[in-house]
>>> print(open('input_15.csv').read())   # CSV, C-alpha atoms
chain,number,residue,atom,x,y,z
T,1,MET,CA,11.6,-1.0,-67.8
T,2,ARG,CA,12.6,0.5,-64.5
T,3,ASN,CA,16.2,0.1,-63.2
T,4,ILE,CA,16.8,-2.4,-66.0
T,5,GLY,CA,20.6,-2.5,-65.5
T,6,ARG,CA,20.2,-4.6,-62.3
T,7,ARG,CA,17.5,-6.8,-63.7
T,8,GLY,CA,19.3,-8.6,-66.5
T,9,ALA,CA,17.0,-11.6,-66.5
T,10,VAL,CA,14.2,-9.3,-67.7
T,11,VAL,CA,16.2,-7.9,-70.5
T,12,LEU,CA,16.9,-11.4,-71.8
T,13,GLY,CA,13.3,-12.3,-72.1
T,14,VAL,CA,11.7,-9.0,-73.2
T,15,THR,CA,11.8,-9.5,-76.9
T,16,GLY,CA,9.8,-12.7,-76.6
T,17,MET,CA,7.4,-11.2,-74.2
T,18,VAL,CA,6.0,-8.0,-75.6
T,19,ALA,CA,3.3,-8.0,-78.2
T,20,PRO,CA,3.2,-5.5,-81.1
T,21,LEU,CA,1.9,-2.1,-80.1
T,22,THR,CA,-1.4,-2.4,-81.8
T,23,LEU,CA,-2.2,-5.8,-80.1
T,24,ALA,CA,-1.0,-4.7,-76.7
T,25,LEU,CA,-3.1,-1.6,-76.8
T,26,GLY,CA,-6.2,-3.7,-77.7
T,27,ALA,CA,-6.8,-2.2,-81.1
T,28,ALA,CA,-9.9,-3.8,-82.7
T,29,PRO,CA,-9.5,-5.6,-86.1
T,30,ALA,CA,-10.5,-3.6,-89.1
T,31,GLN,CA,-14.2,-3.8,-89.8
T,32,ALA,CA,-15.0,-6.1,-92.8
T,33,ALA,CA,-16.6,-4.5,-95.8
T,34,SER,CA,-19.6,-6.8,-95.8
T,35,CYS,CA,-21.0,-10.0,-94.2
T,36,THR,CA,-20.4,-13.2,-96.0
T,37,THR,CA,-23.2,-15.2,-97.4
T,38,LYS,CA,-21.1,-18.4,-97.5
T,39,THR,CA,-21.9,-21.3,-95.2
T,40,GLY,CA,-18.8,-22.3,-93.2
T,41,PRO,CA,-17.6,-25.8,-92.4
T,42,TYR,CA,-18.5,-25.4,-88.7
T,43,GLN,CA,-21.9,-23.7,-89.4
T,44,LYS,CA,-24.0,-26.0,-87.2
T,45,GLN,CA,-21.6,-25.9,-84.3
T,46,VAL,CA,-21.3,-22.2,-84.4
T,47,GLU,CA,-25.1,-21.7,-84.7
T,48,LYS,CA,-25.6,-23.9,-81.7
T,49,PHE,CA,-23.0,-22.1,-79.6
T,50,LEU,CA,-24.6,-18.7,-80.4
T,51,GLY,CA,-28.2,-19.9,-79.8
T,52,ARG,CA,-29.2,-19.6,-83.4
T,53,PRO,CA,-31.5,-21.9,-85.3
T,54,VAL,CA,-29.3,-24.9,-86.2
T,55,ASP,CA,-30.0,-25.6,-89.9
T,56,GLY,CA,-26.4,-25.6,-91.2
T,57,ARG,CA,-27.1,-22.8,-93.7
T,58,GLN,CA,-25.8,-19.2,-93.4
T,59,SER,CA,-28.4,-16.5,-93.0
T,60,ALA,CA,-28.1,-12.7,-92.7
T,61,ALA,CA,-28.9,-13.1,-89.0
T,62,ASP,CA,-26.4,-15.9,-88.5
T,63,CYS,CA,-23.7,-13.7,-90.1
T,64,THR,CA,-24.5,-10.7,-87.9
T,65,ALA,CA,-24.2,-12.9,-84.8
T,66,ILE,CA,-21.0,-14.6,-85.9
T,67,ARG,CA,-19.5,-11.3,-86.9
T,68,ALA,CA,-20.3,-9.7,-83.5
T,69,PHE,CA,-18.6,-12.6,-81.8
T,70,GLN,CA,-15.5,-12.3,-84.0
T,71,THR,CA,-15.3,-8.5,-83.5
T,72,LYS,CA,-15.6,-8.9,-79.7
T,73,HIS,CA,-12.8,-11.4,-79.5
T,74,GLY,CA,-10.4,-10.0,-82.2
T,75,ILE,CA,-10.9,-12.8,-84.7
T,76,SER,CA,-9.9,-11.6,-88.2
T,77,PRO,CA,-11.3,-11.4,-90.8
T,78,ASN,CA,-14.5,-10.6,-89.0
T,79,ILE,CA,-16.9,-11.3,-91.9
T,80,GLY,CA,-19.2,-13.7,-90.1
T,81,TYR,CA,-17.8,-16.9,-91.6
T,82,ALA,CA,-18.1,-20.1,-89.5
T,83,GLY,CA,-14.6,-21.2,-90.0
T,84,PRO,CA,-12.0,-23.2,-88.0
T,85,VAL,CA,-10.6,-20.3,-86.0
T,86,THR,CA,-14.0,-19.1,-84.9
T,87,TRP,CA,-15.2,-22.6,-83.9
T,88,GLY,CA,-11.8,-23.2,-82.2
T,89,VAL,CA,-12.4,-20.3,-79.9
T,90,MET,CA,-15.9,-21.4,-79.2
T,91,ASP,CA,-14.9,-25.0,-78.6
T,92,LEU,CA,-12.2,-23.8,-76.1
T,93,MET,CA,-14.8,-21.7,-74.3
T,94,ASN,CA,-17.0,-24.8,-74.0
T,95,LYS,CA,-14.0,-26.9,-72.6
T,96,GLN,CA,-13.1,-24.1,-70.1
T,97,LYS,CA,-16.7,-24.0,-68.9
T,98,ALA,CA,-16.8,-27.8,-68.4
T,99,VAL,CA,-13.8,-27.6,-66.0
T,100,GLY,CA,-16.0,-25.9,-63.3
T,101,LYS,CA,-14.3,-25.6,-60.0
T,102,ARG,CA,-12.0,-28.7,-60.4
T,103,PRO,CA,-9.2,-27.4,-62.7
T,104,ASN,CA,-6.6,-29.7,-61.1
T,105,LYS,CA,-8.7,-32.8,-61.4
T,106,ALA,CA,-5.8,-34.6,-63.2
T,107,GLY,CA,-3.3,-33.6,-60.5
T,108,LYS,CA,-0.8,-32.0,-62.9
T,109,CYS,CA,-0.3,-28.9,-60.7
T,110,PRO,CA,1.6,-29.8,-57.5
T,111,THR,CA,-0.4,-29.9,-54.2
T,112,ASN,CA,2.7,-30.1,-52.0
T,113,LYS,CA,4.1,-26.6,-52.6
T,114,GLY,CA,1.6,-24.6,-50.6
T,115,ARG,CA,0.4,-21.5,-52.5
T,116,ILE,CA,1.0,-21.9,-56.2
T,117,ALA,CA,-0.2,-20.4,-59.4
T,118,CYS,CA,-1.1,-23.0,-62.0
T,119,VAL,CA,-1.3,-22.4,-65.8
T,120,ASP,CA,-2.9,-25.1,-68.1
T,121,LEU,CA,-1.8,-24.1,-71.6
T,122,THR,CA,-4.0,-26.7,-73.2
T,123,LEU,CA,-7.2,-25.2,-71.8
T,124,GLN,CA,-5.8,-21.7,-71.5
T,125,LEU,CA,-6.8,-21.5,-67.8
T,126,SER,CA,-5.0,-20.4,-64.7
T,127,TRP,CA,-5.8,-20.6,-61.0
T,128,ILE,CA,-4.2,-20.3,-57.6
T,129,GLN,CA,-4.3,-23.1,-55.1
T,130,ASP,CA,-3.0,-23.8,-51.7
T,131,GLY,CA,-2.3,-27.5,-51.3
T,132,GLY,CA,-5.4,-29.2,-52.5
T,133,LYS,CA,-7.6,-26.1,-51.9
T,134,LEU,CA,-8.7,-23.8,-54.7
T,135,VAL,CA,-8.0,-20.2,-53.7
T,136,TYR,CA,-8.9,-18.3,-56.9
T,137,GLY,CA,-10.1,-19.2,-60.4
T,138,PRO,CA,-10.0,-20.9,-62.7
T,139,VAL,CA,-9.9,-17.9,-65.1
T,140,PRO,CA,-9.2,-17.8,-68.9
T,141,VAL,CA,-5.8,-16.5,-69.9
T,142,ARG,CA,-4.0,-15.8,-73.1
T,143,THR,CA,-0.6,-17.4,-73.4
T,144,GLY,CA,2.2,-17.5,-76.0
T,145,ARG,CA,1.5,-18.0,-79.7
T,146,ASP,CA,3.4,-20.3,-82.0
T,147,GLY,CA,7.0,-19.4,-81.9
T,148,TYR,CA,6.7,-17.5,-78.7
T,149,GLU,CA,5.4,-20.3,-76.5
T,150,THR,CA,5.0,-19.8,-72.7
T,151,ARG,CA,7.7,-22.1,-71.3
T,152,THR,CA,6.6,-25.1,-69.3
T,153,GLY,CA,7.8,-26.3,-66.0
T,154,LEU,CA,8.0,-25.3,-62.3
T,155,LYS,CA,9.0,-21.7,-61.8
T,156,LYS,CA,9.1,-19.0,-59.1
T,157,ILE,CA,8.0,-15.4,-59.2
T,158,TYR,CA,11.2,-13.5,-59.1
T,159,TRP,CA,10.2,-9.9,-59.7
T,160,ARG,CA,6.9,-7.9,-59.4
T,161,ASP,CA,6.3,-4.5,-60.9
T,162,ILE,CA,2.7,-3.1,-60.6
T,163,ASP,CA,3.3,-0.3,-63.1
T,164,HIS,CA,5.7,-2.1,-65.5
T,165,VAL,CA,6.2,-0.6,-69.0
T,166,SER,CA,7.9,-2.3,-71.8
T,167,SER,CA,11.1,-0.5,-72.9
T,168,LEU,CA,10.8,-2.1,-76.4
T,169,TYR,CA,7.3,-0.8,-77.4
T,170,ASN,CA,6.6,1.6,-74.5
T,171,VAL,CA,3.5,-0.4,-73.7
T,172,PRO,CA,2.1,-0.6,-70.2
T,173,MET,CA,2.0,-4.1,-68.6
T,174,PRO,CA,0.2,-3.5,-65.4
T,175,TYR,CA,0.5,-5.9,-62.4
T,176,SER,CA,3.5,-7.7,-63.9
T,177,GLN,CA,4.7,-10.8,-62.0
T,178,PHE,CA,7.7,-12.3,-63.7
T,179,PHE,CA,8.4,-16.0,-63.3
T,180,ASP,CA,10.6,-17.1,-66.2
T,181,GLY,CA,13.2,-15.0,-68.2
T,182,GLY,CA,10.9,-12.1,-68.9
T,183,GLN,CA,7.6,-14.1,-69.1
T,184,ALA,CA,5.0,-12.8,-66.6
T,185,PHE,CA,1.4,-12.6,-65.5
T,186,HIS,CA,0.0,-9.2,-66.4
T,187,SER,CA,-3.2,-7.5,-67.5
T,188,VAL,CA,-4.0,-6.5,-71.1
T,189,GLY,CA,-6.9,-4.7,-72.8
T,190,LEU,CA,-7.7,-7.6,-75.1
T,191,SER,CA,-10.1,-10.5,-75.1
T,192,MET,CA,-8.6,-13.6,-73.5
T,193,TRP,CA,-9.5,-15.5,-76.7
T,194,ASN,CA,-7.9,-13.0,-79.1
T,195,PHE,CA,-6.1,-15.0,-81.7
T,196,PRO,CA,-3.3,-16.1,-82.0
T,197,GLY,CA,-2.0,-15.4,-78.5
T,198,SER,CA,0.7,-13.4,-76.6
T,199,HIS,CA,4.4,-13.2,-77.1
T,200,GLY,CA,5.1,-15.4,-74.2
T,201,CYS,CA,3.5,-13.8,-71.2
T,202,VAL,CA,0.3,-15.0,-69.5
T,203,ASN,CA,-2.2,-12.3,-70.3
T,204,MET,CA,-5.1,-11.7,-67.9
T,205,THR,CA,-8.0,-9.4,-67.5
T,206,THR,CA,-7.4,-6.4,-65.2
T,207,LYS,CA,-9.7,-7.9,-62.6
T,208,ASP,CA,-7.8,-11.2,-62.5
T,209,ALA,CA,-4.4,-9.6,-62.7
T,210,LYS,CA,-5.2,-7.5,-59.7
T,211,LYS,CA,-6.4,-10.5,-57.7
T,212,TYR,CA,-3.2,-12.4,-58.6
T,213,TRP,CA,-1.2,-9.4,-57.5
T,214,SER,CA,-3.0,-9.5,-54.1
T,215,LEU,CA,-2.7,-13.2,-53.6
T,216,LEU,CA,0.9,-13.9,-54.8
T,217,LYS,CA,4.3,-12.7,-53.6
T,218,LYS,CA,7.9,-12.9,-54.7
T,219,GLY,CA,9.2,-16.5,-54.3
T,220,ASP,CA,5.8,-18.1,-54.8
T,221,ASP,CA,5.7,-21.1,-57.2
T,222,VAL,CA,4.3,-21.1,-60.7
T,223,MET,CA,3.5,-24.3,-62.6
T,224,VAL,CA,3.0,-24.2,-66.4
T,225,TYR,CA,2.1,-27.3,-68.3
T,226,GLY,CA,0.3,-28.5,-71.4
T,227,ARG,CA,0.4,-27.1,-74.9
T,228,LYS,CA,-1.6,-24.1,-76.3
T,229,PRO,CA,-3.8,-25.1,-79.2
T,230,GLY,CA,-2.1,-24.1,-82.5
T,231,THR,CA,1.5,-24.3,-81.2
>>> encode(input="input_15.csv", output="structure tokens")
Amino acid sequence: MRNIGRRGAVVLGVTGMVAPLTLALGAAPAQAASCTTKTGPYQKQVEKFLGRPVDGRQSAADCTAIRAFQTKHGISPNIGYAGPVTWGVMDLMNKQKAVGKRPNKAGKCPTNKGRIACVDLTLQLSWIQDGGKLVYGPVPVRTGRDGYETRTGLKKIYWRDIDHVSSLYNVPMPYSQFFDGGQAFHSVGLSMWNFPGSHGCVNMTTKDAKKYWSLLKKGDDVMVYGRKPGT
């Protein structure tokens, strides 16, 4: 971290913020030795999601399609089994898609703060709004896993560092915008659905992190609410 001595708040939160080196660098899970022939408990749901024939029985083609999905999104073991983790990711994707352009339909993110970044932990979505107007998003994000939960409540961006590097793992955290004791928006080289989640930060794609950087500034509000699945 740069000039860390005069940024004590960042030091306090860094251990709960930075993912292990292999995760932060986006390392792919080890390839499985073979595709499973076993039918999973969510076989029909997974087949439907992937556009496969829905017969509820595992086939070699089913396994290949499931395994490709698992590999893409960092689901381990990536053996093509239609289990709860794989279906959980797919189900979340379906729910995110259903939100459309009305992410604040329930009114949980304040509309009286002007420009504000909203984070819905339950749906793993974030967006920027200005009053009742949607400015950008919603976009999928990757928030804190069990034991490293992204803290809820109304916050403010207190420090921005476009080329931030973690002092703990020497891992780049581009476009960092810190809003709570070391927790920040920043880009990562991982799928936003990579299980089980971050170490507290709100991970974003590079495209979305760049856009957030251009739209937000120090002092802008951030609202985090809900609960990430699995925490």
>>> atom_distance(input="input_15.csv", atom1="CA of Trp193 (chain T)", atom2="CA of Thr86 (chain T)")
10.0 Å
>>> residues_around(input="input_15.csv", residues="Asp55 (chain T)", least_positions_apart="6", cutoff="10 Å", atoms="only C-alpha atoms", output="MDAnalysis selection string")
chainID T and resid 43:44 47:48
>>> closest_residue(input="input_15.csv", among="T:Trp127, T:Tyr212, T:Tyr225, T:Tyr148", to="Ile162 (chain T)", atoms="all atoms listed in the file")
T:Tyr212
>>> closest_residue(input="input_15.csv", among="T:Arg145, T:Lys155, T:Lys207, T:Lys72", to="Thr231 (chain T)", atoms="all atoms listed in the file")
T:Arg145
>>> closest_residue(input="input_15.csv", among="T:Arg102, T:Lys156, T:Arg151, T:Arg57", to="Lys133 (chain T)", atoms="all atoms listed in the file")
T:Arg102
>>> residues_around(input="input_15.csv", residues="Tyr136 (chain T)", least_positions_apart="3", cutoff="10 Å", atoms="all atoms listed in the file", output="PyMOL selection string")
chain T and resi 101+117+126-130+133+139+208+211-212+215
>>> atom_distance(input="input_15.csv", atom1="CA of Gly51 (chain T)", atom2="CA of Lys228 (chain T)")
27.2 Å
>>> atom_distance(input="input_15.csv", atom1="CA of Thr205 (chain T)", atom2="CA of Val171 (chain T)")
15.9 Å
>>> residues_around(input="input_15.csv", residues="Glu149 (chain T)", least_positions_apart="4", cutoff="10 Å", atoms="all atoms listed in the file", output="VMD selection string")
chain T and resid 16 to 17 121 143 to 145 183 197 to 201 227 to 228 231
>>> write_last_selection(input="input_15.csv", atoms="C-alpha atoms", output="short mmCIF file (atom, residue, chain, number, x, y, z; two decimals), in the coordinates of the input")
data_model
loop_
_atom_site.label_atom_id
_atom_site.label_comp_id
_atom_site.auth_asym_id
_atom_site.auth_seq_id
_atom_site.Cartn_x
_atom_site.Cartn_y
_atom_site.Cartn_z
CA GLY T 16 9.80 -12.70 -76.60
CA MET T 17 7.40 -11.20 -74.20
CA LEU T 121 -1.80 -24.10 -71.60
CA THR T 143 -0.60 -17.40 -73.40
CA GLY T 144 2.20 -17.50 -76.00
CA ARG T 145 1.50 -18.00 -79.70
CA GLN T 183 7.60 -14.10 -69.10
CA GLY T 197 -2.00 -15.40 -78.50
CA SER T 198 0.70 -13.40 -76.60
CA HIS T 199 4.40 -13.20 -77.10
CA GLY T 200 5.10 -15.40 -74.20
CA CYS T 201 3.50 -13.80 -71.20
CA ARG T 227 0.40 -27.10 -74.90
CA LYS T 228 -1.60 -24.10 -76.30
CA THR T 231 1.50 -24.30 -81.20
#
>>> residues_around(input="input_15.csv", residues="Arg67 (chain T)", least_positions_apart="5", cutoff="8 Å", atoms="all atoms listed in the file", output="ChimeraX atom specification")
/T:35,78-81
>>> residues_around(input="input_15.csv", residues="Ala65 (chain T)", least_positions_apart="3", cutoff="9 Å", atoms="all atoms listed in the file", output="list in words")
Glu47, Leu50, Arg52, Ala60, Ala61, Asp62, Ala68, Phe69, Gln70 and Gly80 of chain T
>>> closest_residue(input="input_15.csv", among="T:Arg115, T:Arg142, T:His186, T:His73", to="Arg160 (chain T)", atoms="only C-alpha atoms")
T:His186
>>> closest_residue(input="input_15.csv", among="T:Tyr42, T:Tyr175, T:Phe195, T:Trp159", to="Trp213 (chain T)", atoms="all atoms listed in the file")
T:Tyr175
>>> residues_near_point(input="input_15.csv", point="(-1.9, -27.1, -57.6)", cutoff="12 Å", atoms="all atoms listed in the file", output="number ranges by chain")
T: 102-120, 126-138, 154, 221-225
>>> closest_residue(input="input_15.csv", among="T:Gly219, T:Pro140, T:Gly181, T:Gly189", to="Gln96 (chain T)", atoms="all atoms listed in the file")
T:Pro140
>>> build_atoms(input="input_15.csv", residues="region 161-172 of chain T", atoms="all heavy atoms", output="mmCIF file, in the frame of the given file")
data_model
loop_
_atom_site.group_PDB
_atom_site.id
_atom_site.type_symbol
_atom_site.label_atom_id
_atom_site.label_comp_id
_atom_site.auth_asym_id
_atom_site.auth_seq_id
_atom_site.Cartn_x
_atom_site.Cartn_y
_atom_site.Cartn_z
ATOM 1 N N ASP T 161 6.250 -5.914 -60.574
ATOM 2 C CA ASP T 161 6.300 -4.500 -60.900
ATOM 3 C C ASP T 161 4.844 -4.084 -61.281
ATOM 4 O O ASP T 161 4.395 -4.385 -62.385
ATOM 5 C CB ASP T 161 7.244 -4.192 -62.017
ATOM 6 C CG ASP T 161 7.421 -2.697 -62.273
ATOM 7 O OD1 ASP T 161 6.757 -1.893 -61.583
ATOM 8 O OD2 ASP T 161 8.216 -2.329 -63.157
ATOM 9 N N ILE T 162 4.163 -3.397 -60.381
ATOM 10 C CA ILE T 162 2.700 -3.100 -60.600
ATOM 11 C C ILE T 162 2.513 -2.130 -61.747
ATOM 12 O O ILE T 162 1.467 -2.164 -62.385
ATOM 13 C CB ILE T 162 2.135 -2.540 -59.274
ATOM 14 C CG1 ILE T 162 0.600 -2.589 -59.339
ATOM 15 C CG2 ILE T 162 2.644 -1.133 -58.977
ATOM 16 C CD1 ILE T 162 -0.064 -2.333 -58.007
ATOM 17 N N ASP T 163 3.489 -1.274 -62.051
ATOM 18 C CA ASP T 163 3.300 -0.300 -63.100
ATOM 19 C C ASP T 163 4.361 -0.519 -64.229
ATOM 20 O O ASP T 163 4.885 0.424 -64.823
ATOM 21 C CB ASP T 163 3.512 1.135 -62.568
ATOM 22 C CG ASP T 163 2.407 1.508 -61.591
ATOM 23 O OD1 ASP T 163 1.236 1.209 -61.891
ATOM 24 O OD2 ASP T 163 2.713 2.087 -60.533
ATOM 25 N N HIS T 164 4.630 -1.768 -64.539
ATOM 26 C CA HIS T 164 5.700 -2.100 -65.500
ATOM 27 C C HIS T 164 5.330 -1.554 -66.902
ATOM 28 O O HIS T 164 4.177 -1.571 -67.332
ATOM 29 C CB HIS T 164 5.880 -3.598 -65.599
ATOM 30 C CG HIS T 164 7.067 -3.981 -66.414
ATOM 31 N ND1 HIS T 164 8.354 -3.805 -65.979
ATOM 32 C CD2 HIS T 164 7.156 -4.503 -67.662
ATOM 33 C CE1 HIS T 164 9.191 -4.216 -66.922
ATOM 34 N NE2 HIS T 164 8.489 -4.639 -67.946
ATOM 35 N N VAL T 165 6.352 -1.052 -67.580
ATOM 36 C CA VAL T 165 6.200 -0.600 -69.000
ATOM 37 C C VAL T 165 7.319 -1.206 -69.792
ATOM 38 O O VAL T 165 8.493 -1.184 -69.411
ATOM 39 C CB VAL T 165 6.311 0.967 -69.036
ATOM 40 C CG1 VAL T 165 6.234 1.445 -70.483
ATOM 41 C CG2 VAL T 165 5.199 1.612 -68.211
ATOM 42 N N SER T 166 6.964 -1.749 -70.930
ATOM 43 C CA SER T 166 7.900 -2.300 -71.800
ATOM 44 C C SER T 166 8.852 -1.263 -72.409
ATOM 45 O O SER T 166 8.366 -0.248 -72.924
ATOM 46 C CB SER T 166 7.238 -3.082 -72.963
ATOM 47 O OG SER T 166 8.119 -3.298 -74.042
ATOM 48 N N SER T 167 10.152 -1.493 -72.358
ATOM 49 C CA SER T 167 11.100 -0.500 -72.900
ATOM 50 C C SER T 167 11.155 -0.685 -74.461
ATOM 51 O O SER T 167 11.589 0.229 -75.158
ATOM 52 C CB SER T 167 12.495 -0.757 -72.359
ATOM 53 O OG SER T 167 12.968 -2.053 -72.658
ATOM 54 N N LEU T 168 10.698 -1.813 -74.992
ATOM 55 C CA LEU T 168 10.800 -2.100 -76.400
ATOM 56 C C LEU T 168 9.674 -1.344 -77.196
ATOM 57 O O LEU T 168 9.922 -0.724 -78.232
ATOM 58 C CB LEU T 168 10.696 -3.574 -76.683
ATOM 59 C CG LEU T 168 10.880 -4.045 -78.126
ATOM 60 C CD1 LEU T 168 12.245 -3.608 -78.646
ATOM 61 C CD2 LEU T 168 10.751 -5.555 -78.193
ATOM 62 N N TYR T 169 8.439 -1.418 -76.675
ATOM 63 C CA TYR T 169 7.300 -0.800 -77.400
ATOM 64 C C TYR T 169 6.677 0.336 -76.547
ATOM 65 O O TYR T 169 5.709 0.954 -77.001
ATOM 66 C CB TYR T 169 6.232 -1.844 -77.659
ATOM 67 C CG TYR T 169 6.628 -2.807 -78.750
ATOM 68 C CD1 TYR T 169 7.051 -4.095 -78.437
ATOM 69 C CD2 TYR T 169 6.578 -2.431 -80.087
ATOM 70 C CE1 TYR T 169 7.410 -4.992 -79.435
ATOM 71 C CE2 TYR T 169 6.934 -3.321 -81.087
ATOM 72 C CZ TYR T 169 7.348 -4.597 -80.762
ATOM 73 O OH TYR T 169 7.710 -5.480 -81.739
ATOM 74 N N ASN T 170 7.201 0.597 -75.356
ATOM 75 C CA ASN T 170 6.600 1.600 -74.500
ATOM 76 C C ASN T 170 5.161 1.338 -74.194
ATOM 77 O O ASN T 170 4.306 2.230 -74.214
ATOM 78 C CB ASN T 170 6.817 3.022 -75.041
ATOM 79 C CG ASN T 170 6.577 4.104 -73.995
ATOM 80 O OD1 ASN T 170 6.849 3.899 -72.815
ATOM 81 N ND2 ASN T 170 6.059 5.236 -74.417
ATOM 82 N N VAL T 171 4.861 0.059 -73.977
ATOM 83 C CA VAL T 171 3.500 -0.400 -73.700
ATOM 84 C C VAL T 171 3.335 -0.761 -72.261
ATOM 85 O O VAL T 171 4.131 -1.521 -71.720
ATOM 86 C CB VAL T 171 3.178 -1.639 -74.607
ATOM 87 C CG1 VAL T 171 1.823 -2.209 -74.247
ATOM 88 C CG2 VAL T 171 3.220 -1.260 -76.069
ATOM 89 N N PRO T 172 2.310 -0.255 -71.604
ATOM 90 C CA PRO T 172 2.100 -0.600 -70.200
ATOM 91 C C PRO T 172 1.777 -2.106 -70.047
ATOM 92 O O PRO T 172 1.084 -2.703 -70.868
ATOM 93 C CB PRO T 172 0.851 0.229 -69.818
ATOM 94 C CG PRO T 172 0.793 1.332 -70.820
ATOM 95 C CD PRO T 172 1.325 0.740 -72.097
#
